[in-house]
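Next up, input.cif (mmCIF, C-alpha atoms and all ligand atoms):
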data_protein
loop_
_atom_site.group_PDB
_atom_site.id
_atom_site.type_symbol
_atom_site.label_atom_id
_atom_site.label_comp_id
_atom_site.auth_asym_id
_atom_site.auth_seq_id
_atom_site.Cartn_x
_atom_site.Cartn_y
_atom_site.Cartn_z
ATOM 1 C CA MET A 1 -139.331 3.116 27.152
ATOM 2 C CA ALA A 2 -138.511 -0.246 28.753
ATOM 3 C CA ALA A 3 -142.175 -1.244 28.345
ATOM 4 C CA GLU A 4 -142.049 -0.260 24.683
ATOM 5 C CA VAL A 5 -138.863 -2.180 23.885
ATOM 6 C CA LEU A 6 -139.989 -5.329 25.717
ATOM 7 C CA SER A 7 -143.492 -5.185 24.299
ATOM 8 C CA ASN A 8 -142.060 -4.880 20.766
ATOM 9 C CA ALA A 9 -139.991 -7.985 21.534
ATOM 10 C CA GLY A 10 -143.213 -9.884 22.236
ATOM 11 C CA VAL A 11 -143.203 -9.743 26.051
ATOM 12 C CA LYS A 12 -146.550 -9.245 27.826
ATOM 13 C CA ILE A 13 -146.200 -6.083 29.892
ATOM 14 C CA ASP A 14 -148.056 -4.882 32.967
ATOM 15 C CA LEU A 15 -146.945 -1.419 34.037
ATOM 16 C CA TYR A 16 -147.599 -0.310 37.636
ATOM 17 C CA ASP A 17 -147.278 3.248 38.930
ATOM 18 C CA ALA A 18 -148.063 4.728 42.339
ATOM 19 C CA MET A 19 -149.601 7.879 40.857
ATOM 20 C CA PRO A 20 -153.077 8.255 39.269
ATOM 21 C CA SER A 21 -151.356 8.734 35.875
ATOM 22 C CA VAL A 22 -147.900 8.072 34.451
ATOM 23 C CA GLY A 23 -145.269 10.577 33.349
ATOM 24 C CA ARG A 24 -146.109 13.435 35.719
ATOM 25 C CA LYS A 25 -142.532 14.624 35.997
ATOM 26 C CA PHE A 26 -142.136 14.224 32.249
ATOM 27 C CA LEU A 27 -145.082 16.621 31.880
ATOM 28 C CA MET A 28 -143.543 19.030 34.381
ATOM 29 C CA ALA A 29 -140.299 18.873 32.407
ATOM 30 C CA GLY A 30 -142.232 20.133 29.402
ATOM 31 C CA LYS A 31 -143.563 23.202 31.187
ATOM 32 C CA GLY A 32 -140.621 25.466 30.537
ATOM 33 C CA GLY A 33 -139.950 24.024 27.058
ATOM 34 C CA MET A 34 -139.021 20.373 26.715
ATOM 35 C CA ASN A 35 -135.367 19.886 25.827
ATOM 36 C CA ILE A 36 -135.102 16.276 24.616
ATOM 37 C CA THR A 37 -131.469 16.133 23.483
ATOM 38 C CA HIS A 38 -128.627 18.155 21.935
ATOM 39 C CA SER A 39 -127.399 18.490 18.360
ATOM 40 C CA GLU A 40 -123.672 18.830 19.147
ATOM 41 C CA PRO A 41 -121.164 16.332 17.641
ATOM 42 C CA PHE A 42 -121.285 12.853 19.154
ATOM 43 C CA GLU A 43 -117.874 13.012 20.892
ATOM 44 C CA ARG A 44 -118.718 16.325 22.549
ATOM 45 C CA PHE A 45 -122.150 15.008 23.569
ATOM 46 C CA LEU A 46 -120.474 11.954 25.108
ATOM 47 C CA SER A 47 -118.033 14.136 27.053
ATOM 48 C CA ARG A 48 -121.007 15.572 29.005
ATOM 49 C CA TYR A 49 -121.281 12.283 30.885
ATOM 50 C CA GLY A 50 -117.906 12.762 32.605
ATOM 51 C CA SER A 51 -116.722 9.623 34.390
ATOM 52 C CA GLY A 52 -119.842 7.776 33.178
ATOM 53 C CA ARG A 53 -118.726 8.238 29.571
ATOM 54 C CA ASP A 54 -117.501 4.685 28.935
ATOM 55 C CA ALA A 55 -120.588 3.103 30.458
ATOM 56 C CA ILE A 56 -122.965 5.317 28.494
ATOM 57 C CA LYS A 57 -121.127 5.146 25.154
ATOM 58 C CA PRO A 58 -122.579 1.825 23.871
ATOM 59 C CA ILE A 59 -126.035 2.956 24.975
ATOM 60 C CA LEU A 60 -125.758 6.198 23.014
ATOM 61 C CA GLU A 61 -124.302 4.376 20.028
ATOM 62 C CA ALA A 62 -127.400 2.181 20.005
ATOM 63 C CA PHE A 63 -129.853 4.988 20.717
ATOM 64 C CA GLY A 64 -128.314 8.430 20.390
ATOM 65 C CA PRO A 65 -129.666 11.923 19.757
ATOM 66 C CA GLU A 66 -130.569 11.234 16.102
ATOM 67 C CA ARG A 67 -132.387 8.025 16.939
ATOM 68 C CA LEU A 68 -134.274 9.865 19.663
ATOM 69 C CA ARG A 69 -135.440 12.510 17.204
ATOM 70 C CA ALA A 70 -136.516 9.798 14.756
ATOM 71 C CA TRP A 71 -138.376 8.041 17.571
ATOM 72 C CA ALA A 72 -140.270 11.257 18.405
ATOM 73 C CA LYS A 73 -141.055 11.731 14.722
ATOM 74 C CA GLY A 74 -142.511 8.214 14.674
ATOM 75 C CA LEU A 75 -144.987 9.457 17.274
ATOM 76 C CA GLY A 76 -145.897 12.401 15.047
ATOM 77 C CA ILE A 77 -143.727 14.866 16.995
ATOM 78 C CA GLU A 78 -141.420 17.021 14.880
ATOM 79 C CA THR A 79 -138.337 18.503 16.571
ATOM 80 C CA PHE A 80 -136.090 21.482 15.923
ATOM 81 C CA VAL A 81 -132.604 22.660 16.955
ATOM 82 C CA GLY A 82 -132.712 25.858 19.033
ATOM 83 C CA SER A 83 -130.086 28.614 18.869
ATOM 84 C CA SER A 84 -128.243 26.930 21.805
ATOM 85 C CA GLY A 85 -127.975 23.662 19.847
ATOM 86 C CA LYS A 86 -130.551 22.019 22.136
ATOM 87 C CA VAL A 87 -133.306 19.974 20.513
ATOM 88 C CA PHE A 88 -136.984 20.614 21.328
ATOM 89 C CA PRO A 89 -140.344 19.374 20.057
ATOM 90 C CA THR A 90 -141.637 21.996 17.606
ATOM 91 C CA ASP A 91 -144.364 23.127 20.019
ATOM 92 C CA MET A 92 -141.911 22.883 23.010
ATOM 93 C CA LYS A 93 -144.439 20.778 24.953
ATOM 94 C CA ALA A 94 -144.301 17.307 26.527
ATOM 95 C CA ALA A 95 -148.047 16.572 26.622
ATOM 96 C CA PRO A 96 -148.619 15.759 22.911
ATOM 97 C CA LEU A 97 -145.596 13.447 22.907
ATOM 98 C CA LEU A 98 -146.703 11.660 26.094
ATOM 99 C CA ARG A 99 -150.292 11.346 24.811
ATOM 100 C CA ALA A 100 -149.187 9.792 21.510
ATOM 101 C CA TRP A 101 -146.719 7.515 23.275
ATOM 102 C CA LEU A 102 -149.257 6.189 25.803
ATOM 103 C CA HIS A 103 -151.775 5.644 23.013
ATOM 104 C CA ARG A 104 -149.254 3.569 21.088
ATOM 105 C CA LEU A 105 -148.266 1.551 24.174
ATOM 106 C CA ARG A 106 -151.917 0.749 24.939
ATOM 107 C CA THR A 107 -152.522 -0.220 21.317
ATOM 108 C CA ASP A 108 -149.480 -2.508 21.511
ATOM 109 C CA GLY A 109 -151.064 -4.273 24.497
ATOM 110 C CA VAL A 110 -149.254 -2.723 27.474
ATOM 111 C CA ASN A 111 -151.607 -2.847 30.512
ATOM 112 C CA PHE A 112 -151.417 0.172 32.813
ATOM 113 C CA HIS A 113 -152.227 -0.211 36.523
ATOM 114 C CA MET A 114 -152.319 3.158 38.263
ATOM 115 C CA ARG A 115 -152.402 3.883 42.012
ATOM 116 C CA HIS A 116 -150.259 0.809 42.661
ATOM 117 C CA GLN A 117 -147.471 1.712 45.033
ATOM 118 C CA TRP A 118 -144.801 -0.969 45.018
ATOM 119 C CA GLN A 119 -143.736 -1.898 48.560
ATOM 120 C CA GLY A 120 -141.157 -4.617 48.069
ATOM 121 C CA TRP A 121 -141.352 -8.401 47.903
ATOM 122 C CA THR A 122 -143.127 -11.072 49.919
ATOM 123 C CA ASP A 123 -141.014 -13.888 51.399
ATOM 124 C CA ASP A 124 -141.889 -16.074 48.393
ATOM 125 C CA GLY A 125 -140.802 -13.412 45.866
ATOM 126 C CA GLN A 126 -144.120 -11.845 44.870
ATOM 127 C CA LEU A 127 -144.393 -8.087 44.358
ATOM 128 C CA LYS A 128 -146.275 -6.237 47.113
ATOM 129 C CA PHE A 129 -148.432 -3.238 46.191
ATOM 130 C CA LEU A 130 -150.540 -0.788 48.149
ATOM 131 C CA THR A 131 -153.667 0.218 46.201
ATOM 132 C CA PRO A 132 -156.782 2.243 47.136
ATOM 133 C CA GLU A 133 -158.494 -1.146 47.725
ATOM 134 C CA GLY A 134 -155.753 -2.253 50.130
ATOM 135 C CA GLU A 135 -152.659 -4.439 49.846
ATOM 136 C CA THR A 136 -152.225 -6.882 46.995
ATOM 137 C CA THR A 137 -149.504 -9.207 45.763
ATOM 138 C CA ILE A 138 -148.623 -10.032 42.169
ATOM 139 C CA SER A 139 -146.559 -12.814 40.728
ATOM 140 C CA VAL A 140 -144.375 -11.998 37.705
ATOM 141 C CA ASP A 141 -141.680 -13.697 35.619
ATOM 142 C CA ALA A 142 -139.394 -10.652 35.574
ATOM 143 C CA VAL A 143 -139.521 -7.079 36.806
ATOM 144 C CA VAL A 144 -137.921 -3.843 35.594
ATOM 145 C CA LEU A 145 -137.813 -1.115 38.241
ATOM 146 C CA ALA A 146 -137.901 2.418 36.793
ATOM 147 C CA LEU A 147 -138.706 4.437 39.888
ATOM 148 C CA GLY A 148 -137.002 7.780 39.287
ATOM 149 C CA GLY A 149 -134.859 9.709 41.764
ATOM 150 C CA ALA A 150 -135.988 11.685 44.787
ATOM 151 C CA SER A 151 -136.972 15.121 43.608
ATOM 152 C CA TRP A 152 -140.442 16.603 43.101
ATOM 153 C CA ALA A 153 -141.996 13.984 45.406
ATOM 154 C CA ARG A 154 -145.501 15.231 44.642
ATOM 155 C CA LEU A 155 -145.043 13.992 41.078
ATOM 156 C CA GLY A 156 -144.281 10.480 42.356
ATOM 157 C CA SER A 157 -140.474 10.402 42.543
ATOM 158 C CA THR A 158 -140.071 9.931 46.282
ATOM 159 C CA GLY A 159 -136.986 7.713 46.416
ATOM 160 C CA ALA A 160 -138.903 5.553 48.946
ATOM 161 C CA TRP A 161 -137.761 2.485 47.003
ATOM 162 C CA VAL A 162 -134.135 2.806 48.185
ATOM 163 C CA PRO A 163 -134.621 1.039 51.585
ATOM 164 C CA LEU A 164 -136.680 -1.678 49.859
ATOM 165 C CA LEU A 165 -133.669 -2.622 47.747
ATOM 166 C CA LEU A 166 -131.140 -2.182 50.566
ATOM 167 C CA ARG A 167 -133.192 -4.586 52.699
ATOM 168 C CA GLN A 168 -132.711 -7.216 49.991
ATOM 169 C CA GLY A 169 -128.937 -6.694 50.071
ATOM 170 C CA ILE A 170 -128.943 -4.794 46.762
ATOM 171 C CA SER A 171 -126.460 -1.926 46.879
ATOM 172 C CA VAL A 172 -127.784 1.465 45.797
ATOM 173 C CA GLU A 173 -125.668 4.487 44.963
ATOM 174 C CA PRO A 174 -126.784 7.157 47.473
ATOM 175 C CA LEU A 175 -129.148 9.682 45.837
ATOM 176 C CA GLN A 176 -127.687 13.163 45.625
ATOM 177 C CA PRO A 177 -129.245 16.497 44.672
ATOM 178 C CA SER A 178 -128.008 18.007 41.434
ATOM 179 C CA ASN A 179 -129.320 21.436 42.415
ATOM 180 C CA CYS A 180 -128.546 23.359 45.571
ATOM 181 C CA GLY A 181 -129.768 26.364 47.486
ATOM 182 C CA PHE A 182 -127.568 29.145 48.845
ATOM 183 C CA ASP A 183 -127.945 32.262 50.949
ATOM 184 C CA VAL A 184 -127.336 35.671 49.473
ATOM 185 C CA GLY A 185 -127.031 38.936 51.402
ATOM 186 C CA TRP A 186 -129.872 40.605 49.543
ATOM 187 C CA SER A 187 -131.726 43.654 50.771
ATOM 188 C CA GLU A 188 -135.246 43.130 52.193
ATOM 189 C CA PHE A 189 -136.631 44.671 48.991
ATOM 190 C CA PHE A 190 -134.796 42.256 46.691
ATOM 191 C CA GLY A 191 -135.114 39.186 48.940
ATOM 192 C CA SER A 192 -138.873 39.506 49.422
ATOM 193 C CA ARG A 193 -139.332 39.473 45.659
ATOM 194 C CA PHE A 194 -136.749 36.978 44.458
ATOM 195 C CA ALA A 195 -135.743 34.593 47.309
ATOM 196 C CA GLY A 196 -136.446 30.976 46.324
ATOM 197 C CA GLN A 197 -136.456 31.611 42.589
ATOM 198 C CA PRO A 198 -134.717 28.861 40.602
ATOM 199 C CA LEU A 199 -131.625 30.080 38.779
ATOM 200 C CA THR A 200 -130.820 28.061 35.672
ATOM 201 C CA GLY A 201 -128.562 28.530 32.674
ATOM 202 C CA LEU A 202 -125.887 30.125 34.847
ATOM 203 C CA PHE A 203 -122.227 29.432 35.525
ATOM 204 C CA TYR A 204 -121.460 29.721 39.242
ATOM 205 C CA ARG A 205 -118.150 30.376 40.956
ATOM 206 C CA PHE A 206 -117.491 30.309 44.700
ATOM 207 C CA ASP A 207 -114.213 31.798 45.905
ATOM 208 C CA GLY A 208 -114.696 30.912 49.590
ATOM 209 C CA SER A 209 -116.572 34.052 50.565
ATOM 210 C CA ARG A 210 -118.543 35.107 47.552
ATOM 211 C CA ILE A 211 -120.640 33.465 44.845
ATOM 212 C CA SER A 212 -120.676 35.035 41.436
ATOM 213 C CA ALA A 213 -122.900 33.889 38.638
ATOM 214 C CA THR A 214 -122.608 34.579 34.955
ATOM 215 C CA ARG A 215 -125.423 33.970 32.524
ATOM 216 C CA ARG A 216 -124.683 31.501 29.770
ATOM 217 C CA ASN A 217 -124.372 33.116 26.311
ATOM 218 C CA ASP A 218 -124.223 36.510 28.008
ATOM 219 C CA ARG A 219 -120.732 36.876 29.471
ATOM 220 C CA ASP A 220 -121.118 40.598 30.096
ATOM 221 C CA CYS A 221 -123.896 40.189 32.611
ATOM 222 C CA THR A 222 -122.344 39.284 35.992
ATOM 223 C CA TRP A 223 -124.413 39.056 39.148
ATOM 224 C CA ARG A 224 -122.838 38.980 42.578
HETATM 225 C C1 LIG B 1 -139.014 21.308 36.287
HETATM 226 C C2 LIG B 1 -138.295 20.207 35.549
HETATM 227 C C3 LIG B 1 -137.845 20.425 34.262
HETATM 228 C C4 LIG B 1 -137.182 19.415 33.554
HETATM 229 N N1 LIG B 1 -136.796 19.646 32.251
HETATM 230 C C5 LIG B 1 -136.254 18.631 31.522
HETATM 231 C C6 LIG B 1 -135.977 18.805 30.144
HETATM 232 O O1 LIG B 1 -136.237 19.864 29.536
HETATM 233 N N2 LIG B 1 -135.401 17.755 29.466
HETATM 234 C C7 LIG B 1 -135.130 16.555 30.101
HETATM 235 O O2 LIG B 1 -134.633 15.630 29.430
HETATM 236 N N3 LIG B 1 -135.412 16.365 31.405
HETATM 237 C C8 LIG B 1 -135.977 17.368 32.120
HETATM 238 N N4 LIG B 1 -136.277 17.165 33.450
HETATM 239 C C9 LIG B 1 -135.877 15.896 34.074
HETATM 240 C C10 LIG B 1 -136.850 14.758 33.733
HETATM 241 O O3 LIG B 1 -138.168 15.108 34.094
HETATM 242 C C11 LIG B 1 -136.414 13.517 34.505
HETATM 243 O O4 LIG B 1 -135.075 13.229 34.210
HETATM 244 C C12 LIG B 1 -137.265 12.302 34.139
HETATM 245 O O5 LIG B 1 -138.617 12.520 34.456
HETATM 246 C C13 LIG B 1 -136.763 11.059 34.867
HETATM 247 O O6 LIG B 1 -137.516 9.977 34.394
HETATM 248 P P1 LIG B 1 -137.604 8.625 35.198
HETATM 249 O O7 LIG B 1 -138.538 7.735 34.439
HETATM 250 O O8 LIG B 1 -136.245 8.138 35.512
HETATM 251 O O9 LIG B 1 -138.256 9.006 36.600
HETATM 252 P P2 LIG B 1 -139.610 9.761 36.962
HETATM 253 O O10 LIG B 1 -140.089 10.625 35.849
HETATM 254 O O11 LIG B 1 -139.373 10.347 38.312
HETATM 255 O O12 LIG B 1 -140.668 8.560 37.069
HETATM 256 C C14 LIG B 1 -140.627 7.639 38.129
HETATM 257 C C15 LIG B 1 -142.005 7.008 38.229
HETATM 258 O O13 LIG B 1 -141.942 5.971 39.200
HETATM 259 C C16 LIG B 1 -143.101 6.025 40.011
HETATM 260 N N5 LIG B 1 -142.776 5.457 41.310
HETATM 261 C C17 LIG B 1 -141.818 5.842 42.190
HETATM 262 N N6 LIG B 1 -141.820 5.038 43.275
HETATM 263 C C18 LIG B 1 -142.811 4.113 43.069
HETATM 264 C C19 LIG B 1 -143.305 2.993 43.827
HETATM 265 N N7 LIG B 1 -142.795 2.658 45.030
HETATM 266 N N8 LIG B 1 -144.317 2.280 43.303
HETATM 267 C C20 LIG B 1 -144.853 2.599 42.093
HETATM 268 N N9 LIG B 1 -144.432 3.636 41.335
HETATM 269 C C21 LIG B 1 -143.423 4.373 41.830
HETATM 270 C C22 LIG B 1 -143.454 7.497 40.087
HETATM 271 O O14 LIG B 1 -144.821 7.691 40.397
HETATM 272 C C23 LIG B 1 -143.086 7.999 38.677
HETATM 273 O O15 LIG B 1 -144.202 7.927 37.804
HETATM 274 C C24 LIG B 1 -136.935 18.164 34.177
HETATM 275 C C25 LIG B 1 -137.404 17.928 35.487
HETATM 276 C C26 LIG B 1 -138.071 18.937 36.169
HETATM 277 C C27 LIG B 1 -138.567 18.662 37.576
#
Will you turn the file into C-alpha cells for me?
Amino acid sequence: MAAEVLSNAGVKIDLYDAMPSVGRKFLMAGKGGMNITHSEPFERFLSRYGSGRDAIKPILEAFGPERLRAWAKGLGIETFVGSSGKVFPTDMKAAPLLRAWLHRLRTDGVNFHMRHQWQGWTDDGQLKFLTPEGETTISVDAVVLALGGASWARLGSTGAWVPLLLRQGISVEPLQPSNCGFDVGWSEFFGSRFAGQPLTGLFYRFDGSRISATRRNDRDCTWR
C-alpha cells in the first residue's frame, strides 16, 4: 500500500522482499475467508483500537472501511457484508485481489526485487541485502520498512529486523503474541484428536483454576 501511494505521487519505487513472492501471509489470511474490514458504525469501529484509538482516528478518517471497499472495487473485487457485519470479498479469497493489485503496481512502474533479505545498513548508510547471488548493497533516497510482525515465520514474517533497528538506537515496541496456547485436562481420546487445533471466534474466561469458552453468536454453547 505504501508503494502504491508513493508511486501514485510520482516517486520511483523499488520494492524488496526476502521471500520468492510478496504477500504470502496475505494469501494465508485469505484461506479461511478473507475478512477485510467491518461494516459497524465508525465510532464503534474506532473503539476496537482501545488505547490506540486517538492515534488511529485520523488514519481511519482518511482511509476507513468504506474507502477500503471502494479501493478493492477499483481492483475489480466486489465485497459483501456477512451476517456478523464483517466485510469479505465476494468470493472470500485473497488471491484474486493480490493478483490484480500486483498487476496494477507493476503497470504503474513499481519494480519488485524478490529474494532480497534486508540485513541493515552499511557504515555509509546504504541498505545491505542478502540475495541468492550473495551480499549486495543499494543506495536509496528514502526507505519505508514494512516488515510485518513475528508470526508464521515460514511466510516471511520473522521479526529478525528488530535487532537491526535496535542496533541503530531506534526504539522498537517489543513484539507480543496476540494468540496463546493453554493446557486442558482432556482425555487421551479427545486430546489425540483435537490438541493443537486453533480456537477462534470464542470468548474466554479464566477464573484462576478453570478456563471456560463461549462461542460468539452462540451463547448457549459453553465448553469447559
Ligand atoms: C491464518 C491467518 C489468517 C488471517 N486472517 C486475516 C483476515 O481475515 N483479515 C485480516 O485483515 N488479516 C488477517 N490476518 C492477518 C494478516 O495476514 C496480517 O495482519 C498482514 O499480513 C500483515 O501485513 P504486513 O504487511 O504488516 O506484514 P506481513 O504480511 O507479515 O509482510 C511482511 C513482509 O516483509 C517481508 N520481510 C520481513 N523481514 C524482511 C527482511 N529482513 N528483508 C526483506 N523482507 C522482509 C516478509 O517476507 C513479508 O513479505 C491473518 C493472518 C493469518 C496468519
- Task: Kindly work out which residues sit at most 8 Å from ligand LIG 1 (chain B), using all atoms listed in the file, and give the list as a PyMOL selection string.
- Result: chain A and resi 16-19+21-37+115-119+129+146-152+155-161
Limited to C-alpha atoms, could you put the picked residues into a file as an mmCIF file, in the frame of the given file?
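Output (result.cif):
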data_model
loop_
_atom_site.group_PDB
_atom_site.id
_atom_site.type_symbol
_atom_site.label_atom_id
_atom_site.label_comp_id
_atom_site.auth_asym_id
_atom_site.auth_seq_id
_atom_site.Cartn_x
_atom_site.Cartn_y
_atom_site.Cartn_z
ATOM 1 C CA TYR A 16 -147.599 -0.310 37.636
ATOM 2 C CA ASP A 17 -147.278 3.248 38.930
ATOM 3 C CA ALA A 18 -148.063 4.728 42.339
ATOM 4 C CA MET A 19 -149.601 7.879 40.857
ATOM 5 C CA SER A 21 -151.356 8.734 35.875
ATOM 6 C CA VAL A 22 -147.900 8.072 34.451
ATOM 7 C CA GLY A 23 -145.269 10.577 33.349
ATOM 8 C CA ARG A 24 -146.109 13.435 35.719
ATOM 9 C CA LYS A 25 -142.532 14.624 35.997
ATOM 10 C CA PHE A 26 -142.136 14.224 32.249
ATOM 11 C CA LEU A 27 -145.082 16.621 31.880
ATOM 12 C CA MET A 28 -143.543 19.030 34.381
ATOM 13 C CA ALA A 29 -140.299 18.873 32.407
ATOM 14 C CA GLY A 30 -142.232 20.133 29.402
ATOM 15 C CA LYS A 31 -143.563 23.202 31.187
ATOM 16 C CA GLY A 32 -140.621 25.466 30.537
ATOM 17 C CA GLY A 33 -139.950 24.024 27.058
ATOM 18 C CA MET A 34 -139.021 20.373 26.715
ATOM 19 C CA ASN A 35 -135.367 19.886 25.827
ATOM 20 C CA ILE A 36 -135.102 16.276 24.616
ATOM 21 C CA THR A 37 -131.469 16.133 23.483
ATOM 22 C CA ARG A 115 -152.402 3.883 42.012
ATOM 23 C CA HIS A 116 -150.259 0.809 42.661
ATOM 24 C CA GLN A 117 -147.471 1.712 45.033
ATOM 25 C CA TRP A 118 -144.801 -0.969 45.018
ATOM 26 C CA GLN A 119 -143.736 -1.898 48.560
ATOM 27 C CA PHE A 129 -148.432 -3.238 46.191
ATOM 28 C CA ALA A 146 -137.901 2.418 36.793
ATOM 29 C CA LEU A 147 -138.706 4.437 39.888
ATOM 30 C CA GLY A 148 -137.002 7.780 39.287
ATOM 31 C CA GLY A 149 -134.859 9.709 41.764
ATOM 32 C CA ALA A 150 -135.988 11.685 44.787
ATOM 33 C CA SER A 151 -136.972 15.121 43.608
ATOM 34 C CA TRP A 152 -140.442 16.603 43.101
ATOM 35 C CA LEU A 155 -145.043 13.992 41.078
ATOM 36 C CA GLY A 156 -144.281 10.480 42.356
ATOM 37 C CA SER A 157 -140.474 10.402 42.543
ATOM 38 C CA THR A 158 -140.071 9.931 46.282
ATOM 39 C CA GLY A 159 -136.986 7.713 46.416
ATOM 40 C CA ALA A 160 -138.903 5.553 48.946
ATOM 41 C CA TRP A 161 -137.761 2.485 47.003
#
- Query: What is the distance between atom CA of Arg167 of chain A and atom CA of Val143 of chain A, in Å to one decimal?
  - Reply: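 Interatomic distance, atom CA of Arg167 of chain A to atom CA of Val143 of chain A: 17.3 Å.
Take the candidates A:His113, A:Lys12, A:Arg53, A:Arg104 and check each one against Gly76 of chain A using only C-alpha atoms; the shortest distance goes to A:Arg104.
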- Message: Please expand the PyMOL selection byres (((chain A and resi 81-83) around 10) and not hetatm) into the concrete residues it hits in this file, giving the result as a PyMOL selection string.
- Response: chain A and resi 35+37-40+79-80+84-90
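For the atom pair formed by atom CA of Leu46 of chain A and atom CA of Val5 of chain A, the distance is 23.2 Å, given to one decimal.
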Picked residues, the PyMOL selection byres (((chain A and resi 11) around 12) and not hetatm), expected as an mmCIF file with C-alpha atoms, keeping the file's coordinate frame:
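Just written: expr-v2.cif:
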data_model
loop_
_atom_site.group_PDB
_atom_site.id
_atom_site.type_symbol
_atom_site.label_atom_id
_atom_site.label_comp_id
_atom_site.auth_asym_id
_atom_site.auth_seq_id
_atom_site.Cartn_x
_atom_site.Cartn_y
_atom_site.Cartn_z
ATOM 1 C CA ALA A 2 -138.511 -0.246 28.753
ATOM 2 C CA ALA A 3 -142.175 -1.244 28.345
ATOM 3 C CA GLU A 4 -142.049 -0.260 24.683
ATOM 4 C CA VAL A 5 -138.863 -2.180 23.885
ATOM 5 C CA LEU A 6 -139.989 -5.329 25.717
ATOM 6 C CA SER A 7 -143.492 -5.185 24.299
ATOM 7 C CA ASN A 8 -142.060 -4.880 20.766
ATOM 8 C CA ALA A 9 -139.991 -7.985 21.534
ATOM 9 C CA GLY A 10 -143.213 -9.884 22.236
ATOM 10 C CA LYS A 12 -146.550 -9.245 27.826
ATOM 11 C CA ILE A 13 -146.200 -6.083 29.892
ATOM 12 C CA ASP A 14 -148.056 -4.882 32.967
ATOM 13 C CA ASP A 108 -149.480 -2.508 21.511
ATOM 14 C CA GLY A 109 -151.064 -4.273 24.497
ATOM 15 C CA VAL A 110 -149.254 -2.723 27.474
ATOM 16 C CA ASN A 111 -151.607 -2.847 30.512
ATOM 17 C CA VAL A 140 -144.375 -11.998 37.705
ATOM 18 C CA ASP A 141 -141.680 -13.697 35.619
ATOM 19 C CA ALA A 142 -139.394 -10.652 35.574
ATOM 20 C CA VAL A 143 -139.521 -7.079 36.806
#
- Expressed in Å to a single decimal, how great is the separation between atom CA of Phe112 of chain A and atom CA of Glu173 of chain A? 28.8 Å
- Item | Residues selected by the PyMOL selection byres (((chain A and resi 121) around 10) and not hetatm), written as number ranges by chain | A: 118-120, 122-129, 137-139, 164-165, 168
- Item | Contacts of Gly64 of chain A at 9 Å (all atoms listed in the file; same-chain gap of 5+ positions) as a ChimeraX atom specification | /A:37,42,59,69
- Task: Find the spatial neighbours of Ile56 of chain A, counting only C-alpha atoms, within a cut-off of 12 Å - ignore same-chain residues fewer than 5 positions away - and output them as a PyMOL selection string.
- Result: chain A and resi 43+45-51+61-64
